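Asker: Structure file my_file31.csv (CSV, C-alpha atoms) is given on the next line.
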chain,number,residue,atom,x,y,z
A,14,MET,CA,-32.5,-15.0,-2.9
A,15,ASP,CA,-30.4,-11.8,-2.1
A,16,LEU,CA,-28.0,-9.5,-3.7
A,17,LEU,CA,-25.1,-11.9,-3.4
A,18,ASP,CA,-27.0,-14.4,-5.5
A,19,VAL,CA,-27.7,-11.8,-8.2
A,20,TRP,CA,-24.1,-10.6,-8.3
A,21,PRO,CA,-21.8,-13.2,-6.8
A,22,VAL,CA,-18.7,-11.0,-7.3
A,23,PHE,CA,-20.0,-9.2,-4.1
A,24,ARG,CA,-19.1,-12.3,-2.1
A,25,LEU,CA,-15.4,-11.7,-2.7
A,26,ARG,CA,-13.5,-10.4,0.4
A,27,LEU,CA,-9.8,-9.9,1.0
A,28,ARG,CA,-8.7,-9.6,4.7
A,29,THR,CA,-5.4,-8.4,6.1
A,30,PRO,CA,-4.5,-7.7,9.7
A,31,ARG,CA,-6.0,-4.2,9.6
A,32,LEU,CA,-8.2,-4.1,6.5
A,33,GLU,CA,-10.9,-5.6,4.5
A,34,LEU,CA,-11.1,-5.2,0.8
A,35,ARG,CA,-14.4,-6.0,-1.0
A,36,PRO,CA,-16.0,-5.0,-4.3
A,37,VAL,CA,-17.6,-1.6,-3.9
A,38,ARG,CA,-21.3,-1.8,-3.1
A,39,ASP,CA,-23.8,1.1,-3.4
A,40,ALA,CA,-23.9,1.2,0.4
A,41,ASP,CA,-20.2,2.0,0.5
A,42,LEU,CA,-20.6,5.1,-1.8
A,43,PRO,CA,-21.5,7.7,0.9
A,44,GLY,CA,-18.5,6.6,3.0
A,45,LEU,CA,-16.1,6.7,0.0
A,46,ALA,CA,-17.5,10.0,-1.1
A,47,GLN,CA,-16.8,11.5,2.4
A,48,ALA,CA,-13.3,9.9,2.4
A,49,ALA,CA,-12.6,11.7,-0.9
A,50,LEU,CA,-14.1,15.0,0.3
A,51,ASP,CA,-12.0,14.8,3.4
A,52,GLY,CA,-8.9,15.1,1.1
A,53,VAL,CA,-6.7,12.7,-0.8
A,54,HIS,CA,-3.7,14.8,-1.8
A,55,ASP,CA,-2.2,18.3,-1.8
A,56,ALA,CA,-4.1,20.7,-4.1
A,57,GLU,CA,-1.0,21.7,-6.0
A,58,ARG,CA,-0.5,18.3,-7.6
A,59,THR,CA,-2.8,15.3,-8.5
A,60,PRO,CA,-1.5,11.8,-8.4
A,61,PHE,CA,-4.2,10.6,-10.8
A,62,GLY,CA,-4.2,10.3,-14.6
A,63,PHE,CA,-7.5,12.2,-14.5
A,64,PRO,CA,-8.0,14.9,-11.9
A,65,TRP,CA,-11.3,13.7,-10.6
A,66,THR,CA,-10.7,15.1,-7.1
A,67,ASP,CA,-10.6,18.6,-8.7
A,68,ALA,CA,-14.4,18.5,-9.3
A,69,PRO,CA,-16.6,20.5,-7.0
A,70,ARG,CA,-18.7,18.6,-4.4
A,71,ASP,CA,-21.9,18.6,-6.4
A,72,GLU,CA,-20.0,17.0,-9.4
A,73,LEU,CA,-17.6,14.7,-7.5
A,74,LEU,CA,-20.3,12.8,-5.7
A,75,PRO,CA,-22.4,11.7,-8.7
A,76,ASN,CA,-19.2,11.2,-10.7
A,77,LEU,CA,-17.9,8.7,-8.2
A,78,ALA,CA,-21.2,6.8,-8.3
A,79,ARG,CA,-21.2,6.8,-12.1
A,80,PHE,CA,-17.6,5.5,-12.2
A,81,VAL,CA,-18.4,2.7,-9.8
A,82,TRP,CA,-21.5,1.6,-11.7
A,83,ARG,CA,-19.8,1.8,-15.1
A,84,GLU,CA,-16.8,-0.3,-14.0
A,85,ARG,CA,-19.0,-2.8,-12.3
A,86,ALA,CA,-21.1,-3.2,-15.4
A,87,GLY,CA,-18.0,-3.8,-17.5
A,88,VAL,CA,-16.8,-6.8,-15.4
A,89,ALA,CA,-16.5,-9.8,-17.7
A,90,PRO,CA,-14.3,-12.9,-17.9
A,91,ASP,CA,-10.8,-11.9,-19.0
A,92,ALA,CA,-11.4,-8.1,-18.9
A,93,TRP,CA,-12.3,-6.2,-15.8
A,94,ASN,CA,-11.6,-3.4,-13.4
A,95,LEU,CA,-12.5,-4.5,-9.9
A,96,LEU,CA,-13.0,-1.6,-7.6
A,97,PHE,CA,-12.3,-2.7,-4.0
A,98,ALA,CA,-13.6,-0.6,-1.1
A,99,VAL,CA,-10.9,-0.5,1.5
A,100,LEU,CA,-12.5,-0.8,5.0
A,101,GLU,CA,-10.8,-0.1,8.3
A,102,ASP,CA,-12.9,-1.2,11.3
A,103,GLY,CA,-15.9,-1.4,8.8
A,104,ARG,CA,-15.4,2.2,7.6
A,105,PRO,CA,-14.5,3.0,4.0
A,106,ILE,CA,-11.2,4.8,3.8
A,107,GLY,CA,-10.3,4.5,0.1
A,108,VAL,CA,-10.3,2.3,-3.0
A,109,GLN,CA,-7.9,-0.2,-4.5
A,110,ASP,CA,-8.5,-1.3,-8.0
A,111,LEU,CA,-7.4,-4.3,-10.0
A,112,ARG,CA,-7.5,-4.2,-13.8
A,113,ALA,CA,-6.9,-6.7,-16.6
A,114,ALA,CA,-7.5,-7.1,-20.3
A,115,ASN,CA,-7.1,-10.3,-22.3
A,116,PHE,CA,-6.1,-11.9,-19.0
A,117,ALA,CA,-6.2,-15.5,-20.2
A,118,VAL,CA,-3.3,-14.8,-22.6
A,119,LEU,CA,-1.4,-12.0,-20.9
A,120,ARG,CA,-1.8,-13.0,-17.3
A,121,THR,CA,-1.0,-9.4,-16.4
A,122,VAL,CA,-2.8,-7.1,-14.0
A,123,SER,CA,-2.4,-3.4,-13.1
A,124,SER,CA,-3.6,-1.5,-10.1
A,125,GLY,CA,-4.3,2.0,-8.7
A,126,SER,CA,-5.5,3.2,-5.4
A,127,TRP,CA,-6.3,6.1,-3.1
A,128,LEU,CA,-6.6,6.7,0.6
A,129,THR,CA,-8.2,9.5,2.6
A,130,ARG,CA,-5.5,11.8,4.0
A,131,SER,CA,-6.0,11.0,7.6
A,132,ARG,CA,-5.1,7.3,7.0
A,133,GLN,CA,-2.0,7.9,4.9
A,134,GLY,CA,1.5,7.4,6.3
A,135,LEU,CA,0.5,4.4,8.5
A,136,GLY,CA,1.5,1.5,6.1
A,137,LEU,CA,-2.1,0.9,5.0
A,138,GLY,CA,-1.2,1.6,1.4
A,139,THR,CA,1.4,-1.1,1.4
A,140,GLU,CA,-1.0,-3.5,3.2
A,141,MET,CA,-3.8,-3.0,0.7
A,142,ARG,CA,-1.5,-3.4,-2.3
A,143,ALA,CA,0.1,-6.5,-0.9
A,144,ALA,CA,-3.4,-8.0,-0.4
A,145,LEU,CA,-4.3,-7.2,-4.0
A,146,LEU,CA,-1.0,-8.8,-5.3
A,147,GLY,CA,-1.5,-11.9,-3.2
A,148,PHE,CA,-5.0,-12.3,-4.6
A,149,ALA,CA,-3.8,-11.7,-8.2
A,150,PHE,CA,-0.9,-14.1,-8.1
A,151,ASP,CA,-2.2,-16.9,-5.9
A,152,HIS,CA,-5.9,-17.0,-6.8
A,153,LEU,CA,-6.2,-15.5,-10.3
A,154,GLY,CA,-3.0,-16.9,-11.6
A,155,ALA,CA,-1.4,-13.6,-12.7
A,156,THR,CA,2.3,-13.8,-13.6
A,157,VAL,CA,3.0,-10.0,-13.9
A,158,ALA,CA,1.6,-6.9,-12.1
A,159,GLU,CA,2.1,-3.4,-13.4
A,160,SER,CA,1.7,0.0,-11.8
A,161,GLU,CA,2.8,3.6,-12.3
A,162,ALA,CA,3.3,6.8,-10.3
A,163,TYR,CA,4.4,10.3,-11.1
A,164,GLU,CA,8.1,10.9,-10.5
A,165,TRP,CA,7.4,13.2,-7.6
A,166,ASN,CA,5.1,10.7,-5.8
A,167,SER,CA,7.7,9.2,-3.5
A,168,SER,CA,5.2,7.5,-1.2
A,169,SER,CA,3.6,5.5,-4.0
A,170,LEU,CA,7.0,4.6,-5.4
A,171,ALA,CA,8.2,3.5,-2.0
A,172,VAL,CA,5.2,1.1,-1.7
A,173,SER,CA,6.1,-0.4,-5.1
A,174,THR,CA,9.8,-0.7,-4.2
A,175,LYS,CA,8.9,-2.4,-0.9
A,176,LEU,CA,6.8,-5.0,-2.6
A,177,GLY,CA,9.5,-5.8,-5.3
A,178,TYR,CA,8.5,-3.8,-8.3
A,179,ARG,CA,11.2,-2.8,-10.8
A,180,ASP,CA,11.4,0.3,-13.0
A,181,ASN,CA,9.8,-0.3,-16.4
A,182,GLY,CA,10.4,3.0,-18.2
A,183,ILE,CA,9.0,6.5,-18.1
A,184,ALA,CA,6.0,8.0,-19.9
A,185,ARG,CA,4.9,11.6,-20.3
A,186,ARG,CA,1.4,12.4,-19.0
A,187,SER,CA,-0.8,15.5,-18.7
A,188,PRO,CA,-3.0,15.0,-15.7
A,189,ARG,CA,-4.3,18.6,-15.8
A,190,ALA,CA,-4.6,21.2,-18.6
A,191,GLY,CA,-1.1,22.7,-19.3
A,192,VAL,CA,0.7,20.3,-16.9
A,193,VAL,CA,3.2,17.7,-18.0
A,194,GLU,CA,4.5,15.1,-15.7
A,195,ASP,CA,7.0,12.2,-16.0
A,196,GLU,CA,5.3,9.0,-15.0
A,197,VAL,CA,7.4,6.1,-13.7
A,198,ARG,CA,6.2,2.7,-14.9
A,199,LEU,CA,6.7,-0.3,-12.7
A,200,ARG,CA,6.6,-4.1,-13.2
A,201,LEU,CA,6.5,-7.0,-10.8
A,202,GLU,CA,6.8,-10.7,-11.6
A,203,ALA,CA,5.1,-13.1,-9.4
A,204,SER,CA,8.4,-14.8,-8.4
A,205,GLU,CA,9.8,-11.4,-7.2
A,206,PHE,CA,6.8,-10.4,-5.0
A,207,ARG,CA,8.1,-9.5,-1.5
A,208,ARG,CA,5.4,-11.1,0.5
A,209,PRO,CA,4.2,-9.7,3.9
A,210,GLU,CA,4.7,-11.6,7.1
A,211,TRP,CA,0.9,-12.0,7.5
A,212,GLU,CA,-1.3,-14.4,5.5
A,213,LEU,CA,-4.0,-13.0,3.3
A,214,GLU,CA,-7.5,-14.4,3.9
A,215,VAL,CA,-9.7,-14.7,0.8
A,216,GLU,CA,-13.4,-15.4,0.9
A,217,GLY,CA,-15.9,-15.9,-1.9
A,218,PHE,CA,-13.5,-16.5,-4.7
A,219,GLU,CA,-15.2,-19.6,-6.1
A,220,ALA,CA,-18.4,-17.7,-6.4
A,221,ALA,CA,-16.7,-14.8,-8.2
A,222,ARG,CA,-14.4,-17.0,-10.4
A,223,PRO,CA,-16.8,-17.4,-13.4
A,224,PHE,CA,-17.1,-13.6,-13.7
A,225,LEU,CA,-13.3,-13.0,-13.8
A,226,LEU,CA,-11.7,-16.0,-15.5
A,227,ALA,CA,-12.5,-17.5,-18.9
Could you render the structure as structure tokens?
Answerer:
Amino acid sequence: MDLLDVWPVFRLRLRTPRLELRPVRDADLPGLAQAALDGVHDAERTPFGFPWTDAPRDELLPNLARFVWRERAGVAPDAWNLLFAVLEDGRPIGVQDLRAANFAVLRTVSSGSWLTRSRQGLGLGTEMRAALLGFAFDHLGATVAESEAYEWNSSSLAVSTKLGYRDNGIARRSPRAGVVEDEVRLRLEASEFRRPEWELEVEGFEAARPFLLA
């Protein structure tokens, strides 16, 4: 018996031409922590709903571990936040998450992500989101995917547009104390997904299925 027998969700892997996405393991945490410390965004603005990257090093590192452990422990059929480590040549460079609640009824997922600064602008953000959408629509049976990004975040909005999302309203958010931002909400129906030219490889789904689907 090994860790994959104890927690079969760890068997899940999504592979694209340049990346592998797999549920974050404890062994990935040092690499992900370093990727975050190397920088994710300009200091003037945060793209996140909660400014976790503002924390000093001695807080950010344990906070990242706590977050991963908490979300992993909350995975249950029909309600989960799957945190995928994004690996390039075996090295963690960011995180792509996939969230759902009351999935059997709503068949709706949402997502968020981050990449270390040195790997941005290379099309990897599009590639990892496309992998997630292909998995959600073709394997989980989702019919709708939702996302959001602040109005100024042109790179994230460009990824969404490229993949077929449509505008779905605007919300007001306060990511930092005293800061108010307009957040663009986005919606993608499975039939409108602009699929990449490459084929997604999925491994370990049957083992993970009982933990994700009722």
Asker: Please measure the separation of CA of Val22 in chain A and CA of Thr66 in chain A, giving the value in Å to one decimal.
Answerer: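 A separation of 27.3 Å between them.
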Asker: Could you give me, as a list in words, the residues that have an atom at most 12 Å away from the point (-14.3, -18.3, -7.0) in the coordinates of the file, using only C-alpha atoms?
Answerer: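 So the residues meeting the distance criterion are Pro21, Val22, Phe23, Arg24, Leu25, Arg26, Phe148, His152, Leu153, Val215, Glu216, Gly217, Phe218, Glu219, Ala220, Ala221, Arg222, Pro223, Phe224, Leu225 and Leu226 of chain A.
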Asker: I need the residue nearest Val37 in chain A from this list: A:Asp110, A:Asp18, A:Asp71, A:Asp55. Use all atoms listed in the file for the distance.
Answerer: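 The shortest atom-to-atom distance to Val37 in chain A comes from A:Asp110.
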Asker: Would you mind telling me which residue in A:Leu50, A:Leu34, A:Met141, A:Ala162 lies nearest to Arg186 in chain A when using all atoms listed in the file?
Answerer: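 Counting all atoms listed in the file, the residue closest to Arg186 in chain A is A:Ala162.
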Asker: Would you mind telling me which residue in A:Leu135, A:Val118, A:Leu32, A:Ala190 lies nearest to Leu213 in chain A when using all atoms listed in the file?
Answerer: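 Answer, going by the shortest atom-to-atom distance: A:Leu32.
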Asker: When you look at Gly182 in chain A with a cut-off of 12 Å (counting all atoms listed in the file), what residues show up, excluding the ones that are within fewer than 3 positions of it in the same chain? I need them as number ranges by chain.
Answerer: A: 159-164, 179, 185, 195-200
Asker: Can you write out as a tab-separated table which residues of range 114-158 of chain A fall within 9 Å of range 86-102 of chain A, alongside each residue's closest atom pair and its distance in Å to one decimal, counting only C-alpha atoms and ordering rows by chain and ascending residue number?
Answerer:
residue	atom	partner	partner_atom	distance
A:Ala114	CA	A:Ala92	CA	4.3
A:Asn115	CA	A:Asp91	CA	5.2
A:Phe116	CA	A:Asp91	CA	4.7
A:Ala117	CA	A:Asp91	CA	6.0
A:Val118	CA	A:Asp91	CA	8.8
A:Ser124	CA	A:Asn94	CA	8.9
A:Leu128	CA	A:Val99	CA	8.4
A:Met141	CA	A:Val99	CA	7.6
Asker: Please provide the set of residues having any atom within 12 Å of Asp67 in chain A, restricted to only C-alpha atoms, with same-chain residues fewer than 5 positions apart removed, written as an MDAnalysis selection string.
Answerer: chainID A and resid 49:50 52:61 72:74 76 188:190
Asker: For Gln133 in chain A, which residue among A:Leu201, A:Leu77, A:Ile106, A:Met14 is the nearest when counting only C-alpha atoms?
Answerer: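 Looking at the shortest contact to Gln133 in chain A, the residue is A:Ile106.
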Asker: Figure out the distance between CA of Leu45 in chain A and CA of Gly191 in chain A, please, to one decimal in Å.
Answerer: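 Separation of CA of Gly191 in chain A and CA of Leu45 in chain A: 29.2 Å.
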Asker: I'd like the interatomic distance between CA of Asp51 in chain A and CA of Pro64 in chain A, to a tenth of an Å.
Answerer: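 Going from CA of Asp51 in chain A over to CA of Pro64 in chain A, I get 15.8 Å.
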Asker: Regenerate range 40-70 of chain A at the level of N, CA and C atoms and dump it as an mmCIF file, in the frame of the given file.
Answerer:
data_model
loop_
_atom_site.group_PDB
_atom_site.id
_atom_site.type_symbol
_atom_site.label_atom_id
_atom_site.label_comp_id
_atom_site.auth_asym_id
_atom_site.auth_seq_id
_atom_site.Cartn_x
_atom_site.Cartn_y
_atom_site.Cartn_z
ATOM 1 N N ALA A 40 -23.911 0.737 -0.956
ATOM 2 C CA ALA A 40 -23.900 1.200 0.400
ATOM 3 C C ALA A 40 -22.589 1.792 0.866
ATOM 4 N N ASP A 41 -21.500 1.476 0.136
ATOM 5 C CA ASP A 41 -20.200 2.000 0.500
ATOM 6 C C ASP A 41 -19.994 3.436 -0.106
ATOM 7 N N LEU A 42 -20.822 3.830 -1.068
ATOM 8 C CA LEU A 42 -20.600 5.100 -1.800
ATOM 9 C C LEU A 42 -20.605 6.322 -0.886
ATOM 10 N N PRO A 43 -21.554 6.466 0.041
ATOM 11 C CA PRO A 43 -21.500 7.700 0.900
ATOM 12 C C PRO A 43 -20.197 7.749 1.695
ATOM 13 N N GLY A 44 -19.745 6.622 2.251
ATOM 14 C CA GLY A 44 -18.500 6.600 3.000
ATOM 15 C C GLY A 44 -17.296 6.945 2.148
ATOM 16 N N LEU A 45 -17.257 6.380 0.948
ATOM 17 C CA LEU A 45 -16.100 6.700 0.000
ATOM 18 C C LEU A 45 -16.171 8.109 -0.427
ATOM 19 N N ALA A 46 -17.375 8.626 -0.683
ATOM 20 C CA ALA A 46 -17.500 10.000 -1.100
ATOM 21 C C ALA A 46 -16.968 10.947 0.017
ATOM 22 N N GLN A 47 -17.307 10.650 1.253
ATOM 23 C CA GLN A 47 -16.800 11.500 2.400
ATOM 24 C C GLN A 47 -15.312 11.351 2.508
ATOM 25 N N ALA A 48 -14.786 10.129 2.329
ATOM 26 C CA ALA A 48 -13.300 9.900 2.400
ATOM 27 C C ALA A 48 -12.618 10.769 1.360
ATOM 28 N N ALA A 49 -13.206 10.859 0.167
ATOM 29 C CA ALA A 49 -12.600 11.700 -0.900
ATOM 30 C C ALA A 49 -12.737 13.160 -0.575
ATOM 31 N N LEU A 50 -13.899 13.577 -0.078
ATOM 32 C CA LEU A 50 -14.100 15.000 0.300
ATOM 33 C C LEU A 50 -13.193 15.431 1.398
ATOM 34 N N ASP A 51 -12.854 14.501 2.283
ATOM 35 C CA ASP A 51 -12.000 14.800 3.400
ATOM 36 C C ASP A 51 -10.532 15.104 2.929
ATOM 37 N N GLY A 52 -10.245 14.773 1.674
ATOM 38 C CA GLY A 52 -8.900 15.100 1.100
ATOM 39 C C GLY A 52 -8.126 13.821 0.819
ATOM 40 N N VAL A 53 -7.490 13.799 -0.356
ATOM 41 C CA VAL A 53 -6.700 12.700 -0.800
ATOM 42 C C VAL A 53 -5.238 13.079 -1.040
ATOM 43 N N HIS A 54 -5.039 14.330 -1.451
ATOM 44 C CA HIS A 54 -3.700 14.800 -1.800
ATOM 45 C C HIS A 54 -3.634 16.303 -1.734
ATOM 46 N N ASP A 55 -2.417 16.849 -1.793
ATOM 47 C CA ASP A 55 -2.200 18.300 -1.800
ATOM 48 C C ASP A 55 -2.872 18.875 -3.076
ATOM 49 N N ALA A 56 -3.411 20.062 -2.956
ATOM 50 C CA ALA A 56 -4.100 20.700 -4.100
ATOM 51 C C ALA A 56 -3.187 20.999 -5.253
ATOM 52 N N GLU A 57 -1.898 21.209 -4.955
ATOM 53 C CA GLU A 57 -1.000 21.700 -6.000
ATOM 54 C C GLU A 57 -0.733 20.610 -7.072
ATOM 55 N N ARG A 58 -0.808 19.340 -6.699
ATOM 56 C CA ARG A 58 -0.500 18.300 -7.600
ATOM 57 C C ARG A 58 -1.550 17.151 -7.473
ATOM 58 N N THR A 59 -1.905 16.509 -8.586
ATOM 59 C CA THR A 59 -2.800 15.300 -8.500
ATOM 60 C C THR A 59 -1.990 14.087 -8.833
ATOM 61 N N PRO A 60 -2.154 13.011 -8.066
ATOM 62 C CA PRO A 60 -1.500 11.800 -8.400
ATOM 63 C C PRO A 60 -2.172 10.918 -9.414
ATOM 64 N N PHE A 61 -3.317 11.405 -9.893
ATOM 65 C CA PHE A 61 -4.200 10.600 -10.800
ATOM 66 C C PHE A 61 -3.946 10.972 -12.251
ATOM 67 N N GLY A 62 -4.255 10.020 -13.121
ATOM 68 C CA GLY A 62 -4.200 10.300 -14.600
ATOM 69 C C GLY A 62 -5.268 11.240 -15.008
ATOM 70 N N PHE A 63 -6.405 11.242 -14.290
ATOM 71 C CA PHE A 63 -7.500 12.200 -14.500
ATOM 72 C C PHE A 63 -7.816 12.874 -13.219
ATOM 73 N N PRO A 64 -7.881 14.189 -13.202
ATOM 74 C CA PRO A 64 -8.000 14.900 -11.900
ATOM 75 C C PRO A 64 -9.413 14.924 -11.362
ATOM 76 N N TRP A 65 -9.920 13.750 -11.007
ATOM 77 C CA TRP A 65 -11.300 13.700 -10.600
ATOM 78 C C TRP A 65 -11.565 14.361 -9.248
ATOM 79 N N THR A 66 -10.532 14.472 -8.422
ATOM 80 C CA THR A 66 -10.700 15.100 -7.100
ATOM 81 C C THR A 66 -10.791 16.660 -7.270
ATOM 82 N N ASP A 67 -10.503 17.194 -8.453
ATOM 83 C CA ASP A 67 -10.600 18.600 -8.700
ATOM 84 C C ASP A 67 -12.072 19.084 -8.785
ATOM 85 N N ALA A 68 -12.964 18.167 -9.060
ATOM 86 C CA ALA A 68 -14.400 18.500 -9.300
ATOM 87 C C ALA A 68 -14.996 19.068 -8.012
ATOM 88 N N PRO A 69 -15.896 20.048 -8.137
ATOM 89 C CA PRO A 69 -16.600 20.500 -7.000
ATOM 90 C C PRO A 69 -17.506 19.436 -6.381
ATOM 91 N N ARG A 70 -17.912 19.627 -5.148
ATOM 92 C CA ARG A 70 -18.700 18.600 -4.400
ATOM 93 C C ARG A 70 -19.870 18.091 -5.200
#
